[in-house]
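File shown: query.cif (mmCIF, C-alpha atoms).
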```cif
data_coords
loop_
_atom_site.group_PDB
_atom_site.id
_atom_site.type_symbol
_atom_site.label_atom_id
_atom_site.label_comp_id
_atom_site.auth_asym_id
_atom_site.auth_seq_id
_atom_site.Cartn_x
_atom_site.Cartn_y
_atom_site.Cartn_z
ATOM 1 C CA SER I 25 -9.731 8.351 15.112
ATOM 2 C CA GLN I 26 -9.561 5.297 12.922
ATOM 3 C CA LYS I 27 -7.367 2.552 14.292
ATOM 4 C CA ILE I 28 -6.347 -0.636 12.537
ATOM 5 C CA GLU I 29 -4.566 -3.398 14.379
ATOM 6 C CA GLN I 30 -2.980 -6.459 12.859
ATOM 7 C CA ASN I 31 -2.573 -9.329 15.248
ATOM 8 C CA SER I 32 1.123 -9.442 15.811
ATOM 9 C CA GLU I 33 4.332 -8.017 14.525
ATOM 10 C CA ALA I 34 5.533 -11.482 13.485
ATOM 11 C CA LEU I 35 3.951 -14.892 13.093
ATOM 12 C CA ASN I 36 5.916 -18.140 12.782
ATOM 13 C CA ILE I 37 4.130 -21.072 11.153
ATOM 14 C CA GLN I 38 5.295 -24.567 10.233
ATOM 15 C CA GLU I 39 5.214 -25.358 6.528
ATOM 16 C CA GLY I 40 2.013 -27.099 5.490
ATOM 17 C CA LYS I 41 -0.078 -25.573 8.279
ATOM 18 C CA THR I 42 -2.712 -22.863 7.875
ATOM 19 C CA ALA I 43 -1.579 -19.343 8.682
ATOM 20 C CA THR I 44 -4.269 -17.009 10.046
ATOM 21 C CA LEU I 45 -3.691 -13.263 10.198
ATOM 22 C CA THR I 46 -6.050 -10.815 11.884
ATOM 23 C CA CYS I 47 -7.044 -7.268 11.054
ATOM 24 C CA ASN I 48 -9.187 -5.387 13.593
ATOM 25 C CA TYR I 49 -10.495 -1.868 13.140
ATOM 26 C CA THR I 50 -12.435 0.689 15.150
ATOM 27 C CA ASN I 51 -14.604 3.731 14.561
ATOM 28 C CA TYR I 52 -15.321 3.292 10.872
ATOM 29 C CA SER I 53 -17.558 1.249 8.635
ATOM 30 C CA PRO I 54 -15.354 0.449 5.666
ATOM 31 C CA ALA I 55 -16.951 -0.193 2.324
ATOM 32 C CA TYR I 56 -14.091 -2.469 1.297
ATOM 33 C CA LEU I 57 -11.180 -4.178 2.918
ATOM 34 C CA GLN I 58 -8.086 -5.173 0.994
ATOM 35 C CA TRP I 59 -5.131 -7.439 1.727
ATOM 36 C CA TYR I 60 -1.670 -6.904 0.272
ATOM 37 C CA ARG I 61 1.600 -8.787 0.402
ATOM 38 C CA GLN I 62 4.890 -6.916 0.664
ATOM 39 C CA ASP I 63 8.360 -8.365 0.271
ATOM 40 C CA PRO I 64 11.386 -6.482 1.692
ATOM 41 C CA GLY I 65 12.317 -3.415 -0.345
ATOM 42 C CA ARG I 66 9.395 -3.891 -2.764
ATOM 43 C CA GLY I 67 5.996 -2.305 -3.213
ATOM 44 C CA PRO I 68 2.875 -4.010 -1.838
ATOM 45 C CA VAL I 69 1.096 -6.443 -4.146
ATOM 46 C CA PHE I 70 -2.690 -6.709 -4.058
ATOM 47 C CA LEU I 71 -4.087 -10.098 -3.028
ATOM 48 C CA LEU I 72 -7.795 -9.919 -2.253
ATOM 49 C CA LEU I 73 -10.596 -7.414 -1.773
ATOM 50 C CA ILE I 74 -13.766 -8.084 0.191
ATOM 51 C CA ARG I 75 -16.859 -5.887 0.324
ATOM 52 C CA GLU I 76 -18.813 -5.059 3.464
ATOM 53 C CA ASN I 77 -21.723 -7.241 2.332
ATOM 54 C CA GLU I 78 -19.506 -10.266 1.645
ATOM 55 C CA LYS I 79 -18.622 -12.715 4.366
ATOM 56 C CA GLU I 80 -15.893 -14.644 2.599
ATOM 57 C CA LYS I 81 -13.689 -14.500 -0.475
ATOM 58 C CA ARG I 82 -11.302 -17.147 -1.809
ATOM 59 C CA LYS I 83 -8.427 -17.222 -4.268
ATOM 60 C CA GLU I 84 -6.437 -20.432 -4.622
ATOM 61 C CA ARG I 85 -4.891 -21.092 -1.157
ATOM 62 C CA LEU I 86 -6.044 -17.729 0.197
ATOM 63 C CA LYS I 87 -9.259 -16.990 2.059
ATOM 64 C CA VAL I 88 -10.476 -13.731 3.552
ATOM 65 C CA THR I 89 -13.415 -13.265 5.885
ATOM 66 C CA PHE I 90 -15.025 -9.995 6.889
ATOM 67 C CA ASP I 91 -17.169 -9.608 10.008
ATOM 68 C CA THR I 92 -18.569 -6.069 10.193
ATOM 69 C CA THR I 93 -20.156 -6.796 13.573
ATOM 70 C CA LEU I 94 -16.844 -7.786 15.131
ATOM 71 C CA LYS I 95 -15.040 -5.200 12.967
ATOM 72 C CA GLN I 96 -12.563 -7.848 11.968
ATOM 73 C CA SER I 97 -11.096 -9.506 8.908
ATOM 74 C CA LEU I 98 -9.229 -12.808 8.955
ATOM 75 C CA PHE I 99 -6.750 -13.765 6.244
ATOM 76 C CA HIS I 100 -5.928 -17.447 5.850
ATOM 77 C CA ILE I 101 -3.210 -19.153 3.843
ATOM 78 C CA THR I 102 -3.746 -22.904 3.679
ATOM 79 C CA ALA I 103 -0.956 -25.422 3.019
ATOM 80 C CA SER I 104 1.571 -22.686 3.732
ATOM 81 C CA GLN I 105 4.942 -22.697 1.994
ATOM 82 C CA PRO I 106 8.241 -20.935 2.762
ATOM 83 C CA ALA I 107 7.591 -18.787 -0.337
ATOM 84 C CA ASP I 108 4.565 -17.335 1.486
ATOM 85 C CA SER I 109 6.929 -15.649 3.941
ATOM 86 C CA ALA I 110 6.375 -11.893 3.639
ATOM 87 C CA THR I 111 4.656 -9.001 5.386
ATOM 88 C CA TYR I 112 0.902 -8.933 4.924
ATOM 89 C CA LEU I 113 -0.954 -5.624 5.152
ATOM 90 C CA CYS I 114 -4.657 -4.979 5.469
ATOM 91 C CA ALA I 115 -6.112 -1.713 4.213
ATOM 92 C CA LEU I 116 -9.570 -0.177 4.574
ATOM 93 C CA GLU I 117 -11.312 1.955 2.026
ATOM 94 C CA ILE I 118 -13.730 4.091 3.990
ATOM 95 C CA ASN I 119 -15.047 6.570 1.450
ATOM 96 C CA SER I 120 -14.892 7.358 -2.222
ATOM 97 C CA ASN I 121 -11.781 9.502 -2.251
ATOM 98 C CA TYR I 122 -9.533 6.543 -3.131
ATOM 99 C CA GLN I 123 -7.715 6.747 0.171
ATOM 100 C CA LEU I 124 -6.729 3.549 1.966
ATOM 101 C CA ILE I 125 -6.123 3.359 5.712
ATOM 102 C CA TRP I 126 -3.332 0.844 6.310
ATOM 103 C CA GLY I 127 -2.581 -1.531 9.138
ATOM 104 C CA ALA I 128 1.014 -1.875 10.322
ATOM 105 C CA GLY I 129 1.337 -5.339 8.799
ATOM 106 C CA THR I 130 2.142 -8.811 10.077
ATOM 107 C CA LYS I 131 5.433 -10.431 9.160
ATOM 108 C CA LEU I 132 4.703 -14.066 8.351
ATOM 109 C CA ILE I 133 7.538 -16.588 8.517
ATOM 110 C CA ILE I 134 6.896 -20.094 7.214
ATOM 111 C CA LYS I 135 9.473 -22.546 8.492
ATOM 112 C CA PRO I 136 10.366 -25.651 6.443
ATOM 113 C CA ASP N 11 0.884 -3.898 -19.389
ATOM 114 C CA THR N 12 0.009 -4.215 -15.679
ATOM 115 C CA GLU N 13 3.125 -2.622 -14.323
ATOM 116 C CA VAL N 14 3.980 0.586 -12.532
ATOM 117 C CA THR N 15 7.577 1.605 -13.115
ATOM 118 C CA GLN N 16 9.628 3.933 -10.946
ATOM 119 C CA THR N 17 12.999 5.544 -11.490
ATOM 120 C CA PRO N 18 15.523 5.685 -10.052
ATOM 121 C CA LYS N 19 15.646 2.552 -7.895
ATOM 122 C CA HIS N 20 18.071 4.169 -5.470
ATOM 123 C CA LEU N 21 18.876 7.815 -4.847
ATOM 124 C CA VAL N 22 21.397 9.415 -2.505
ATOM 125 C CA MET N 23 21.208 13.173 -2.176
ATOM 126 C CA GLY N 24 22.523 15.939 -0.017
ATOM 127 C CA MET N 25 20.297 18.358 1.823
ATOM 128 C CA THR N 26 20.940 21.106 -0.730
ATOM 129 C CA ASN N 27 20.277 19.008 -3.827
ATOM 130 C CA LYS N 28 17.271 19.065 -6.127
ATOM 131 C CA LYS N 29 16.169 15.744 -7.567
ATOM 132 C CA SER N 30 13.051 14.148 -9.027
ATOM 133 C CA LEU N 31 11.414 10.760 -8.722
ATOM 134 C CA LYS N 32 9.481 9.449 -11.699
ATOM 135 C CA CYS N 33 6.567 7.053 -12.003
ATOM 136 C CA GLU N 34 4.811 5.703 -15.088
ATOM 137 C CA GLN N 35 1.821 3.440 -15.749
ATOM 138 C CA HIS N 36 0.010 2.436 -18.925
ATOM 139 C CA MET N 37 -3.021 0.720 -17.439
ATOM 140 C CA GLY N 38 -5.365 3.625 -18.092
ATOM 141 C CA HIS N 39 -5.646 4.379 -14.383
ATOM 142 C CA ARG N 40 -6.827 7.911 -13.619
ATOM 143 C CA ALA N 41 -5.818 7.887 -9.943
ATOM 144 C CA MET N 42 -2.139 8.011 -9.021
ATOM 145 C CA TYR N 43 -0.549 8.132 -5.585
ATOM 146 C CA TRP N 44 2.707 8.894 -3.798
ATOM 147 C CA TYR N 45 3.442 7.074 -0.554
ATOM 148 C CA LYS N 46 6.345 7.240 1.845
ATOM 149 C CA GLN N 47 7.310 4.116 3.763
ATOM 150 C CA LYS N 48 9.731 3.811 6.646
ATOM 151 C CA ALA N 49 11.134 0.458 7.760
ATOM 152 C CA LYS N 50 8.588 -1.817 9.467
ATOM 153 C CA LYS N 51 5.816 0.761 8.986
ATOM 154 C CA PRO N 52 2.849 0.780 6.605
ATOM 155 C CA PRO N 53 2.806 3.045 3.546
ATOM 156 C CA GLU N 54 1.984 6.633 4.473
ATOM 157 C CA LEU N 55 -0.071 8.504 1.892
ATOM 158 C CA MET N 56 1.458 11.750 0.659
ATOM 159 C CA PHE N 57 -0.492 12.823 -2.444
ATOM 160 C CA VAL N 58 -3.353 11.624 -4.639
ATOM 161 C CA TYR N 59 -4.003 12.753 -8.193
ATOM 162 C CA SER N 60 -7.289 12.067 -9.944
ATOM 163 C CA TYR N 61 -7.715 13.052 -13.599
ATOM 164 C CA GLU N 62 -4.267 14.663 -13.391
ATOM 165 C CA LYS N 63 -5.406 17.045 -10.677
ATOM 166 C CA LEU N 64 -4.159 17.017 -7.101
ATOM 167 C CA SER N 65 -7.051 15.803 -4.957
ATOM 168 C CA ILE N 66 -5.340 14.917 -1.686
ATOM 169 C CA ASN N 67 -2.283 16.447 -0.038
ATOM 170 C CA GLU N 68 -1.724 14.894 3.350
ATOM 171 C CA SER N 69 -0.040 17.947 4.903
ATOM 172 C CA VAL N 70 3.237 17.123 3.244
ATOM 173 C CA PRO N 71 6.075 19.674 3.660
ATOM 174 C CA SER N 72 6.639 21.928 0.671
ATOM 175 C CA ARG N 73 10.089 20.452 0.080
ATOM 176 C CA PHE N 74 8.116 17.675 -1.668
ATOM 177 C CA SER N 75 6.409 18.920 -4.833
ATOM 178 C CA PRO N 76 4.277 16.537 -6.913
ATOM 179 C CA GLU N 77 3.515 16.929 -10.593
ATOM 180 C CA CYS N 78 1.273 14.988 -12.946
ATOM 181 C CA PRO N 79 2.214 15.971 -16.519
ATOM 182 C CA ASN N 80 -0.269 13.543 -18.115
ATOM 183 C CA SER N 81 -2.437 10.558 -17.287
ATOM 184 C CA SER N 82 0.503 8.131 -17.399
ATOM 185 C CA LEU N 83 3.211 10.043 -15.569
ATOM 186 C CA LEU N 84 3.703 11.186 -12.003
ATOM 187 C CA ASN N 85 6.739 13.024 -10.677
ATOM 188 C CA LEU N 86 7.870 13.946 -7.197
ATOM 189 C CA HIS N 87 10.290 16.863 -7.058
ATOM 190 C CA LEU N 88 12.577 16.967 -4.050
ATOM 191 C CA HIS N 89 14.382 20.015 -2.715
ATOM 192 C CA ALA N 90 16.193 20.771 0.536
ATOM 193 C CA LEU N 91 15.287 17.453 2.120
ATOM 194 C CA GLN N 92 16.200 16.419 5.627
ATOM 195 C CA PRO N 93 17.857 13.158 6.739
ATOM 196 C CA GLU N 94 14.539 12.062 8.279
ATOM 197 C CA ASP N 95 13.053 12.082 4.773
ATOM 198 C CA SER N 96 15.120 8.998 3.977
ATOM 199 C CA ALA N 97 12.620 6.246 3.160
ATOM 200 C CA LEU N 98 11.171 4.058 0.413
ATOM 201 C CA TYR N 99 8.991 6.195 -1.864
ATOM 202 C CA LEU N 100 6.242 4.253 -3.545
ATOM 203 C CA CYS N 101 4.082 5.228 -6.478
ATOM 204 C CA ALA N 102 0.735 3.516 -7.057
ATOM 205 C CA SER N 103 -2.150 3.781 -9.478
ATOM 206 C CA SER N 104 -5.742 2.598 -9.622
ATOM 207 C CA HIS N 105 -9.018 3.043 -11.412
ATOM 208 C CA LEU N 106 -11.240 5.698 -9.926
ATOM 209 C CA GLY N 107 -14.111 4.872 -7.615
ATOM 210 C CA GLY N 108 -14.328 2.358 -4.850
ATOM 211 C CA ASN N 109 -13.608 -1.325 -5.052
ATOM 212 C CA ASN N 110 -10.304 -0.825 -6.821
ATOM 213 C CA GLU N 111 -6.974 -2.356 -5.984
ATOM 214 C CA GLN N 112 -3.906 -0.204 -6.074
ATOM 215 C CA PHE N 113 -0.974 -1.252 -8.232
ATOM 216 C CA PHE N 114 2.366 -0.320 -6.713
ATOM 217 C CA GLY N 115 5.711 0.309 -8.304
ATOM 218 C CA PRO N 116 8.910 -1.184 -6.863
ATOM 219 C CA GLY N 117 9.758 2.061 -5.093
ATOM 220 C CA THR N 118 12.716 4.419 -4.918
ATOM 221 C CA ARG N 119 15.008 3.967 -1.937
ATOM 222 C CA LEU N 120 15.970 7.520 -0.969
ATOM 223 C CA THR N 121 18.853 8.382 1.352
ATOM 224 C CA VAL N 122 19.373 11.990 2.397
ATOM 225 C CA LEU N 123 22.810 12.759 3.761
#
```
I need this file expressed as C-alpha cells, please.
Amino acid sequence: SQKIEQNSEALNIQEGKTATLTCNYTNYSPAYLQWYRQDPGRGPVFLLLIRENEKEKRKERLKVTFDTTLKQSLFHITASQPADSATYLCALEINSNYQLIWGAGTKLIIKP
Amino acid sequence: DTEVTQTPKHLVMGMTNKKSLKCEQHMGHRAMYWYKQKAKKPPELMFVYSYEKLSINESVPSRFSPECPNSSLLNLHLHALQPEDSALYLCASSHLGGNNEQFFGPGTRLTVL
C-alpha cells in the first residue's frame, strides 16, 4: 500500500538557518505533490504544488524539489523565522479523483 | 472571497444527541471534502462531493451522514456518536481535476461525552 514518510516528528532549527523537511513515498507515481502548513487547532494552508515533470518550485523563502527517481520531495525554508514554526504536511495526488494521500507531518520549531 | 467557513467552532455532544456541522465556500469550487483529524495525525478523508454528488465515502460509519444541498454548502449530520469520534472536523474545497490545491476551513472541534 502507499506509504508516505516525513523525516521526523519534530525538527528544531536556529533562526536564520535553512530548514529542510523531507517527504518520502513508496509504491505510487504521484502526478502532483503538495505541501501544506498547519498551525495548532487550525486547518492546513496550501503552500506549494509541484508536478511530476518539475524538479523545483520556489515561492519567496520557500523551495520544493521533487525527485521521482528517489521518490522524494524536499521542502526548504530559507532565512527561517520563529513565525515559520508550525507542522508541515506533504500530500500526494495519485489519480484524478481529487483524493490526497497525506504524510503524518513534521513539526518545525524555529528558535530565536 | 477565498475562504471556507465552518460552524460551529466547538461542539460538545452526548452520545444520544443529533447535531450538524456546516461548511460554506463561495469560490466556485465543485469539489468539497470532509476530513477528520486526531491530534498529531494527518487529516483523514471521510467524504468527497463533486458536482454536489457523493463521489467518495471512505468506509465511514453511518452515524456520520453528509449532505450537499448546493454547490456552496456542505453539511455533516451526526447521530449516536462515540467518544472516539472526538476530533477536529475539517471541511475543504477545490476546483475539480488534478493540480488543484485544497482550501480548508478552520475546523470544528468536536467532543463526544
Specify as a ChimeraX atom specification each residue included when the PyMOL selection byres ((chain I and resi 60) around 12) is applied to this file. /I:45,57-59,61-63,66-73,86,88,99,110-116,124,126-131 /N:52-53,111-114
When you get a sec, could you note down which chain N residues fall within 10 Å of chain I, using only C-alpha atoms, as a ChimeraX atom specification? /N:14,41-43,47,49-55,57-60,65-66,98-102,104-119
Would you export the selected residues with C-alpha atoms as a compact mmCIF listing (two decimals), in the coordinates of the input, please?
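Okay, part-v4.txt is ready:
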```txt
# COMPACT_ATOMS: atom_id res chain seq x y z
CA VAL N 14 3.98 0.59 -12.53
CA ALA N 41 -5.82 7.89 -9.94
CA MET N 42 -2.14 8.01 -9.02
CA TYR N 43 -0.55 8.13 -5.58
CA GLN N 47 7.31 4.12 3.76
CA ALA N 49 11.13 0.46 7.76
CA LYS N 50 8.59 -1.82 9.47
CA LYS N 51 5.82 0.76 8.99
CA PRO N 52 2.85 0.78 6.60
CA PRO N 53 2.81 3.04 3.55
CA GLU N 54 1.98 6.63 4.47
CA LEU N 55 -0.07 8.50 1.89
CA PHE N 57 -0.49 12.82 -2.44
CA VAL N 58 -3.35 11.62 -4.64
CA TYR N 59 -4.00 12.75 -8.19
CA SER N 60 -7.29 12.07 -9.94
CA SER N 65 -7.05 15.80 -4.96
CA ILE N 66 -5.34 14.92 -1.69
CA LEU N 98 11.17 4.06 0.41
CA TYR N 99 8.99 6.20 -1.86
CA LEU N 100 6.24 4.25 -3.54
CA CYS N 101 4.08 5.23 -6.48
CA ALA N 102 0.74 3.52 -7.06
CA SER N 104 -5.74 2.60 -9.62
CA HIS N 105 -9.02 3.04 -11.41
CA LEU N 106 -11.24 5.70 -9.93
CA GLY N 107 -14.11 4.87 -7.62
CA GLY N 108 -14.33 2.36 -4.85
CA ASN N 109 -13.61 -1.32 -5.05
CA ASN N 110 -10.30 -0.82 -6.82
CA GLU N 111 -6.97 -2.36 -5.98
CA GLN N 112 -3.91 -0.20 -6.07
CA PHE N 113 -0.97 -1.25 -8.23
CA PHE N 114 2.37 -0.32 -6.71
CA GLY N 115 5.71 0.31 -8.30
CA PRO N 116 8.91 -1.18 -6.86
CA GLY N 117 9.76 2.06 -5.09
CA THR N 118 12.72 4.42 -4.92
CA ARG N 119 15.01 3.97 -1.94
```
Using all atoms listed in the file, which of N:Ala97, N:Met23, N:Tyr45, N:Thr121 sits nearest Pro76 (chain N)?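 Using all atoms listed in the file, Pro76 (chain N) sits closest to N:Tyr45.
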Could you list, as a ChimeraX atom specification, every residue matched by the PyMOL selection byres ((chain I and resi 27) around 9) in this structure? /I:25-26,28-29,48-52,125,127
Name the residues that the PyMOL selection byres ((chain N and resi 34) around 6) pulls out of this structure, and write them as a PyMOL selection string. chain N and resi 14-15+33+35+82-83
Nearest to His39 (chain N): which of N:Ser103, N:Thr17, N:Thr26, N:Asn80 is it, counting only C-alpha atoms? N:Ser103
Would you compute, for all listed atoms of region 26-45 of chain N, the axis-aligned bounding box grown by 5 Å on each side, and then report its centre and edge lengths in Å rounded to one decimal, as lines of an AutoDock Vina configuration file?
```
center_x = 7.1
center_y = 10.9
center_z = -9.7
size_x = 37.8
size_y = 30.4
size_z = 28.4
```
Point out the residue among I:Ile101, I:Asn36, I:Pro54, I:Leu94 with the least atom-to-atom distance to Glu76 (chain I), counting all atoms listed in the file.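 Checking each candidate against Glu76 (chain I), we get I:Pro54 as the closest.
Distance-wise, CA of Val122 (chain N) and CA of Asn27 (chain N) end up 9.4 Å apart.
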Considering all atoms listed in the file, return as a list in words whatever protein or nucleic-acid residues lie within 7 Å of Lys135 (chain I), sequence-local ones (same chain, fewer than 2 positions apart) excluded.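 Neighbouring residues, sequence-local ones excluded: Ile37, Gln38, Glu39, Pro106 and Ile133 of chain I.
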Restricting the calculation to only C-alpha atoms: of N:Leu123, N:Met37, N:Val22, N:Leu31, which residue gets closest to Gln92 (chain N)? N:Leu123
Counting only C-alpha atoms, figure out which residue out of N:Gly38, N:Ser96, N:Ser30, N:Pro71 gets nearest to Leu84 (chain N).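 Residue with the minimum atom-to-atom distance to Leu84 (chain N): N:Ser30.
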Taking all atoms listed in the file into account, which of N:Met25, N:Lys32, N:Leu64, N:Gln16 comes nearest His87 (chain N)?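 Ranking N:Met25, N:Lys32, N:Leu64, N:Gln16 by distance to His87 (chain N), first place goes to N:Lys32.
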Have a look at CA of Asp108 (chain I) and CA of Leu132 (chain I) and let me know their distance in Å, one decimal.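 Separating CA of Asp108 (chain I) from CA of Leu132 (chain I) is a distance of 7.6 Å.
Note that the spacing between CA of Tyr61 (chain N) and CA of Trp44 (chain N) amounts to 14.9 Å.
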